[in-house]
$ cat coords.txt   # compact mmCIF, C-alpha atoms
# COMPACT_ATOMS: atom_id res chain seq x y z
CA MET A 15 111.26 77.26 -83.03
CA GLY A 16 110.18 80.47 -81.29
CA LEU A 17 106.82 81.72 -80.15
CA SER A 18 105.05 85.02 -79.62
CA LEU A 19 102.66 86.03 -76.83
CA THR A 20 100.58 89.11 -76.10
CA ALA A 21 100.66 90.64 -72.61
CA HIS A 22 97.57 92.73 -71.82
CA ALA A 23 97.39 95.78 -69.59
CA LYS A 24 94.81 96.07 -66.82
CA ILE A 25 92.69 98.72 -65.16
CA ASN A 26 91.11 98.69 -61.71
CA LEU A 27 87.36 99.17 -61.81
CA THR A 28 87.40 99.23 -58.01
CA LEU A 29 90.20 99.35 -55.46
CA ASP A 30 89.61 99.22 -51.72
CA VAL A 31 92.20 98.94 -48.95
CA LEU A 32 90.94 97.00 -45.94
CA SER A 33 93.84 97.00 -43.51
CA ARG A 34 97.61 97.23 -43.08
CA ARG A 35 99.31 93.88 -42.45
CA PRO A 36 102.15 93.26 -39.97
CA ASP A 37 104.52 92.61 -42.90
CA GLY A 38 103.90 96.12 -44.23
CA TYR A 39 101.66 95.09 -47.12
CA HIS A 40 97.98 96.02 -47.30
CA GLU A 41 94.92 93.81 -47.55
CA VAL A 42 92.95 94.90 -50.60
CA GLU A 43 89.75 94.09 -52.44
CA MET A 44 89.54 95.19 -56.04
CA ILE A 45 88.00 94.32 -59.37
CA MET A 46 90.63 94.05 -62.08
CA GLN A 47 89.94 94.13 -65.79
CA SER A 48 92.14 93.27 -68.76
CA ILE A 49 92.14 95.72 -71.66
CA LYS A 50 92.99 95.36 -75.33
CA LEU A 51 96.20 97.43 -75.07
CA HIS A 52 99.09 94.98 -74.92
CA ASP A 53 102.81 94.38 -75.22
CA ARG A 54 104.15 91.58 -77.41
CA LEU A 55 106.92 89.22 -76.33
CA GLU A 56 108.80 86.93 -78.70
CA PHE A 57 110.75 83.97 -77.35
CA SER A 58 113.43 82.06 -79.24
CA PRO A 59 115.88 79.35 -78.13
CA ALA A 60 119.43 80.32 -77.19
CA VAL A 61 122.40 78.54 -75.66
CA GLY A 62 123.44 79.23 -72.12
CA GLU A 63 122.04 82.64 -71.22
CA ILE A 64 118.91 84.74 -71.23
CA THR A 65 119.06 87.94 -73.26
CA LEU A 66 116.47 90.70 -73.61
CA THR A 67 115.97 93.34 -76.29
CA SER A 68 113.15 95.81 -76.76
CA THR A 69 111.46 98.17 -79.19
CA GLY A 70 108.63 100.62 -78.72
CA LEU A 71 108.39 102.61 -75.50
CA PRO A 72 111.64 102.82 -73.48
CA VAL A 73 111.85 100.42 -70.54
CA PRO A 74 114.59 99.81 -67.93
CA MET A 75 116.65 96.82 -69.08
CA GLY A 76 118.73 96.16 -65.94
CA PRO A 77 118.66 93.02 -63.76
CA ASP A 78 115.56 94.28 -61.91
CA ASN A 79 113.50 94.14 -65.10
CA LEU A 80 110.54 91.87 -64.30
CA ILE A 81 111.01 89.85 -67.49
CA LEU A 82 114.54 88.90 -66.49
CA ARG A 83 113.50 88.29 -62.88
CA ALA A 84 110.70 85.97 -64.05
CA ALA A 85 113.07 84.06 -66.34
CA ARG A 86 115.67 83.60 -63.60
CA LEU A 87 113.02 82.52 -61.09
CA LEU A 88 111.70 79.93 -63.51
CA GLN A 89 115.22 78.60 -64.11
CA GLN A 90 115.77 78.25 -60.35
CA ARG A 91 112.36 76.65 -59.79
CA VAL A 92 112.94 73.82 -62.25
CA GLY A 93 116.75 73.62 -61.96
CA VAL A 94 117.53 74.13 -65.64
CA ASN A 95 120.13 76.24 -67.39
CA HIS A 96 118.27 76.62 -70.68
CA GLY A 97 118.86 79.89 -72.48
CA ALA A 98 116.48 82.10 -74.42
CA HIS A 99 116.35 85.34 -76.32
CA ILE A 100 113.34 87.47 -75.43
CA HIS A 101 112.26 90.46 -77.49
CA LEU A 102 109.76 92.91 -76.02
CA ASP A 103 107.68 95.24 -78.17
CA LYS A 104 106.57 97.73 -75.48
CA ARG A 105 103.22 99.47 -75.97
CA ILE A 106 101.90 99.75 -72.40
CA PRO A 107 103.07 102.97 -70.69
CA VAL A 108 105.64 102.38 -67.94
CA ALA A 109 104.99 103.23 -64.26
CA ALA A 110 101.39 103.97 -65.15
CA GLY A 111 99.21 101.83 -62.85
CA LEU A 112 98.44 99.51 -65.78
CA ALA A 113 100.51 96.45 -64.70
CA GLY A 114 102.83 96.79 -67.69
CA GLY A 115 105.77 95.13 -65.96
CA SER A 116 103.61 92.52 -64.25
CA THR A 117 101.92 91.41 -67.46
CA ASP A 118 105.31 91.05 -69.17
CA ALA A 119 106.49 88.88 -66.26
CA ALA A 120 103.37 86.71 -66.54
CA ALA A 121 103.89 86.27 -70.29
CA THR A 122 107.52 85.35 -69.63
CA LEU A 123 106.52 82.56 -67.26
CA GLN A 124 104.04 81.23 -69.83
CA GLY A 125 106.35 81.68 -72.81
CA LEU A 126 109.42 80.04 -71.31
CA ASN A 127 107.31 77.22 -69.85
CA ARG A 128 106.32 76.42 -73.44
CA LEU A 129 109.66 77.19 -75.09
CA TRP A 130 111.56 74.99 -72.65
CA GLN A 131 108.81 72.32 -72.63
CA LEU A 132 108.68 72.34 -68.83
CA GLU A 133 104.98 71.39 -68.65
CA LEU A 134 104.40 73.29 -65.41
CA LYS A 135 100.72 73.47 -64.46
CA GLN A 136 98.82 76.72 -63.96
CA ASP A 137 98.94 76.45 -60.16
CA GLN A 138 102.73 76.06 -60.31
CA LEU A 139 103.04 79.16 -62.47
CA MET A 140 100.75 81.02 -60.06
CA GLU A 141 103.08 80.12 -57.20
CA LEU A 142 105.96 81.73 -59.09
CA ALA A 143 103.81 84.72 -60.03
CA ARG A 144 103.11 85.47 -56.36
CA GLN A 145 106.86 85.72 -55.73
CA LEU A 146 107.22 88.34 -58.47
CA GLY A 147 104.39 90.67 -57.46
CA ALA A 148 100.69 90.76 -56.66
CA ASP A 149 99.53 91.88 -60.12
CA VAL A 150 101.48 89.11 -61.85
CA SER A 151 98.97 86.55 -60.57
CA PHE A 152 96.06 88.36 -62.20
CA CYS A 153 98.00 88.88 -65.43
CA LEU A 154 98.54 85.12 -65.73
CA THR A 155 94.79 84.61 -66.05
CA GLY A 156 93.52 88.02 -67.20
CA GLY A 157 89.88 88.74 -67.94
CA THR A 158 87.73 90.09 -65.12
CA ALA A 159 88.35 89.10 -61.49
CA ILE A 160 88.03 90.12 -57.87
CA ALA A 161 91.48 90.27 -56.27
CA ARG A 162 91.90 90.00 -52.51
CA GLY A 163 94.76 89.44 -50.07
CA ILE A 164 97.58 91.61 -51.41
CA GLY A 165 96.08 91.09 -54.87
CA GLU A 166 97.05 87.46 -55.38
CA VAL A 167 93.81 85.74 -54.23
CA LEU A 168 91.64 85.77 -57.33
CA THR A 169 87.96 85.07 -57.93
CA PRO A 170 87.25 85.01 -61.68
CA LEU A 171 84.11 86.76 -62.89
CA ALA A 172 82.14 86.39 -66.11
CA PRO A 173 83.69 88.37 -68.98
CA ALA A 174 82.78 92.05 -68.83
CA PRO A 175 81.18 93.86 -71.78
CA ARG A 176 83.70 95.30 -74.23
CA PHE A 177 83.24 98.90 -73.15
CA GLY A 178 85.58 101.45 -74.68
CA VAL A 179 88.45 102.73 -72.55
CA ILE A 180 90.39 105.97 -72.92
CA LEU A 181 93.72 106.10 -71.09
CA VAL A 182 95.42 109.38 -70.24
CA LYS A 183 98.97 108.90 -68.88
CA PRO A 184 100.75 112.06 -67.69
CA PRO A 185 104.49 112.48 -68.37
CA PHE A 186 105.48 111.37 -64.87
CA GLY A 187 105.33 108.23 -62.76
CA VAL A 188 103.98 107.65 -59.28
CA SER A 189 105.64 105.69 -56.48
CA THR A 190 103.19 103.01 -55.35
CA ALA A 191 105.05 102.74 -52.03
CA ARG A 192 104.68 106.48 -51.44
CA VAL A 193 100.96 106.35 -52.18
CA TYR A 194 100.36 103.50 -49.73
CA GLN A 195 102.52 105.19 -47.11
CA GLY A 196 100.38 108.30 -47.41
CA LEU A 197 97.11 106.39 -47.06
CA ASP A 198 94.96 107.24 -44.02
CA LEU A 199 92.93 104.09 -43.36
CA ASN A 200 90.54 106.13 -41.22
CA ASN A 201 89.81 108.58 -44.01
CA LEU A 202 89.63 106.75 -47.33
CA GLY A 203 86.87 108.83 -48.86
CA HIS A 204 84.46 107.19 -51.30
CA ARG A 205 84.89 103.43 -51.00
CA PRO A 206 83.91 100.76 -53.54
CA HIS A 207 80.87 98.51 -53.28
CA THR A 208 82.25 95.31 -54.76
CA SER A 209 79.01 93.35 -55.04
CA ALA A 210 77.27 96.29 -56.72
CA MET A 211 80.03 96.49 -59.34
CA VAL A 212 79.82 92.73 -59.92
CA GLU A 213 76.08 93.05 -60.54
CA ALA A 214 76.53 96.07 -62.83
CA LEU A 215 79.05 94.14 -64.92
CA LYS A 216 76.74 91.13 -65.05
CA GLN A 217 73.92 93.34 -66.34
CA GLY A 218 76.23 95.00 -68.86
CA ASP A 219 74.93 98.38 -67.73
CA LEU A 220 77.57 101.03 -68.48
CA ASP A 221 75.90 103.73 -66.40
CA LYS A 222 75.75 101.43 -63.37
CA VAL A 223 79.38 100.39 -63.90
CA ALA A 224 80.35 104.06 -64.13
CA TYR A 225 78.46 104.83 -60.93
CA CYS A 226 80.29 102.03 -59.08
CA LEU A 227 83.80 103.11 -60.09
CA ALA A 228 85.87 103.82 -56.95
CA ASN A 229 89.54 103.77 -55.97
CA VAL A 230 90.56 104.78 -52.43
CA LEU A 231 94.15 105.46 -53.57
CA GLU A 232 92.81 108.57 -55.28
CA SER A 233 92.63 110.11 -51.80
CA VAL A 234 96.44 110.25 -51.86
CA THR A 235 97.49 110.49 -55.51
CA LEU A 236 95.03 113.20 -56.56
CA ASN A 237 96.23 115.39 -53.70
CA LEU A 238 99.85 114.85 -54.72
CA TYR A 239 99.05 115.60 -58.36
CA PRO A 240 96.03 117.95 -58.63
CA GLU A 241 96.26 117.89 -62.44
CA LEU A 242 94.76 114.39 -62.31
CA LYS A 243 91.54 115.89 -60.93
CA GLU A 244 91.42 118.17 -63.95
CA ILE A 245 91.92 115.22 -66.31
CA LYS A 246 89.00 113.40 -64.69
CA GLN A 247 86.75 116.43 -65.10
CA GLN A 248 87.80 116.97 -68.70
CA LEU A 249 87.19 113.34 -69.64
CA MET A 250 83.66 113.55 -68.26
CA GLN A 251 83.06 116.81 -70.14
CA ALA A 252 84.39 115.18 -73.32
CA GLY A 253 81.73 112.45 -73.13
CA CYS A 254 83.09 109.61 -70.99
CA ARG A 255 80.39 107.93 -68.91
CA GLY A 256 82.67 107.30 -65.93
CA VAL A 257 86.27 108.08 -65.02
CA LEU A 258 88.76 106.73 -62.47
CA MET A 259 92.45 106.51 -61.72
CA SER A 260 93.92 103.05 -62.29
CA GLY A 261 95.93 101.47 -59.48
CA SER A 262 98.13 103.97 -57.65
CA GLY A 263 98.19 106.13 -60.78
CA PRO A 264 98.96 108.31 -62.50
CA THR A 265 96.92 106.99 -65.46
CA VAL A 266 93.30 108.12 -65.52
CA PHE A 267 90.81 106.18 -67.65
CA GLY A 268 87.38 106.97 -69.01
CA LEU A 269 84.70 104.47 -70.05
CA THR A 270 82.60 104.70 -73.20
CA LYS A 271 80.04 102.43 -74.84
CA ASP A 272 82.58 100.90 -77.25
CA GLU A 273 86.07 101.28 -78.70
CA LYS A 274 84.88 103.40 -81.63
CA SER A 275 83.39 106.02 -79.32
CA ALA A 276 86.58 105.93 -77.24
CA GLU A 277 88.60 106.69 -80.40
CA GLN A 278 86.29 109.57 -81.29
CA ILE A 279 86.59 111.19 -77.86
CA ALA A 280 90.33 110.58 -77.64
CA GLY A 281 90.78 112.32 -80.99
CA LYS A 282 89.34 115.52 -79.51
CA LEU A 283 91.62 115.59 -76.46
CA ASN A 284 94.63 117.87 -76.36
CA TYR A 285 97.26 116.81 -73.82
CA PRO A 286 100.73 117.76 -75.13
CA GLY A 287 103.37 115.45 -73.66
CA TYR A 288 100.76 113.02 -72.35
CA GLN A 289 100.00 109.56 -73.72
CA VAL A 290 96.36 109.26 -74.83
CA ILE A 291 95.27 105.77 -75.89
CA ALA A 292 91.87 104.52 -77.04
CA THR A 293 91.27 100.84 -76.37
CA SER A 294 88.61 98.56 -74.88
CA MET A 295 88.00 95.87 -72.30
CA VAL A 296 88.71 92.29 -73.36

$ encode --input "coords.txt" --output "structure tokens"
Amino acid sequence: MGLSLTAHAKINLTLDVLSRRPDGYHEVEMIMQSIKLHDRLEFSPAVGEITLTSTGLPVPMGPDNLILRAARLLQQRVGVNHGAHIHLDKRIPVAAGLAGGSTDAAATLQGLNRLWQLELKQDQLMELARQLGADVSFCLTGGTAIARGIGEVLTPLAPAPRFGVILVKPPFGVSTARVYQGLDLNNLGHRPHTSAMVEALKQGDLDKVAYCLANVLESVTLNLYPELKEIKQQLMQAGCRGVLMSGSGPTVFGLTKDEKSAEQIAGKLNYPGYQVIATSMV
């Protein structure tokens, strides 16, 4: 018998880069937040091999697909040769700074752990998640959390209010590696105040949350793509209470009091060729 799981996207309410590590990665501190927008993955038993199909938004289906990588890693970890058919209904924009691939990988670990009756514990799945990518760890747990290290050291926070979220994804992707390579650690611009954001979320104060939004990667991405600055300005003019780029971009999000107000504002936006999505925090 098969099973179906949802895989939620995320936004970064804050993103700070603390230092560059000897291995080339960066030490970060950020507050990550799951949003209602999600992909759906369906898992069914199969003999011998793992196959993947998809509907919805187009997604690369080669061997580097994170779903297939997660499935193979799980096979190797437990030493099984179980097969499975995985179907992905893709709704999260690709290469958008929303952890679309990472959340699918996390759902794959959870789904196959159940389908194959492996009974791996959460800490064992987290160990595998860290090998697939920093955001995969957060996507395994979701919710609201502070992420440190390279993003894999998580401190869960109380659930955030269900503020509305408007996503504007331009018709191009951004190379995360290029953004980090272009980062000047001595000139990061406006940096986040993590404890202030934690307190604002605890109080459920949208204006304070909006005031605390900060992402140092904007210092690179917004210079590479000046149109993102215009999107931020237009979202504020349209009625969003706060705006920010998520991750390394290029998606820009705006916060509203609830999902209904996000839908109303999104309906007034005119971005031909862009993806505009109204959703909310979860």

$ residues_around --input "coords.txt" --residues "segment 93-109 of chain A" --least-positions-apart "4" --cutoff "6 Å" --atoms "only C-alpha atoms" --output "list in words"
Asp53, Arg54, Leu55, Glu56, Phe57, Ser58, Pro59, Ala60, Val61, Gly62, Glu63, Ile64, Thr65, Leu66, Thr67, Ser68, Thr69, Gly70, Leu71, Gln89, Gly114 and Gly187 of chain A

$ axis_aligned_box --input "coords.txt" --around "segment 71-88 of chain A" --padding-each-side "4 Å" --output "AutoDock Vina command-line options"
--center_x 113.6 --center_y 91.4 --center_z -68.3 --size_x 18.3 --size_y 30.9 --size_z 22.4

$ residues_around --input "coords.txt" --residues "Thr265 of chain A" --least-positions-apart "5" --cutoff "10 Å" --atoms "all atoms listed in the file" --output "MDAnalysis selection string"
chainID A and resid 25 107 109:112 180:188 242 245 258:260 288:290

$ residues_around --input "coords.txt" --residues "segment 125-134 of chain A" --least-positions-apart "3" --cutoff "7 Å" --atoms "all atoms listed in the file" --output "JSON list (two decimals) with C-alpha atoms, in the frame of the given file"
[["chain", "number", "residue", "atom", "x", "y", "z"],
["A", 19, "LEU", "CA", 102.66, 86.03, -76.83],
["A", 57, "PHE", "CA", 110.75, 83.97, -77.35],
["A", 121, "ALA", "CA", 103.89, 86.27, -70.29],
["A", 122, "THR", "CA", 107.52, 85.35, -69.63],
["A", 138, "GLN", "CA", 102.73, 76.06, -60.31],
["A", 139, "LEU", "CA", 103.04, 79.16, -62.47]]

$ closest_residue --input "coords.txt" --among "A:Ala210, A:Ala84, A:Ala159, A:Ala174" --to "Met140 of chain A" --atoms "all atoms listed in the file"
A:Ala84

$ residues_around --input "coords.txt" --residues "Ala161 of chain A" --least-positions-apart "2" --cutoff "9 Å" --atoms "all atoms listed in the file" --output "ChimeraX atom specification"
/A:42-46,152,159,163-170

$ residues_near_point --input "coords.txt" --point "(91.7, 104.2, -56.1)" --cutoff "7 Å" --atoms "all atoms listed in the file" --output "PyMOL selection string"
chain A and resi 28-30+228-232+259-262

$ atom_distance --input "coords.txt" --atom1 "atom CA of Leu87 of chain A" --atom2 "atom CA of Leu171 of chain A"
29.3 Å

$ atom_distance --input "coords.txt" --atom1 "atom CA of Pro173 of chain A" --atom2 "atom CA of Glu273 of chain A"
16.3 Å

$ closest_residue --input "coords.txt" --among "A:His52, A:Lys222, A:Lys271, A:Arg255" --to "Asp118 of chain A" --atoms "only C-alpha atoms"
A:His52

$ closest_residue --input "coords.txt" --among "A:Leu80, A:Val223, A:Val92, A:Met75" --to "Asp149 of chain A" --atoms "all atoms listed in the file"
A:Leu80

$ atom_distance --input "coords.txt" --atom1 "atom CA of Tyr285 of chain A" --atom2 "atom CA of Gln251 of chain A"
14.7 Å

$ closest_residue --input "coords.txt" --among "A:Ser294, A:Ser275, A:Gln124, A:Gln90" --to "Ala143 of chain A" --atoms "all atoms listed in the file"
A:Gln124
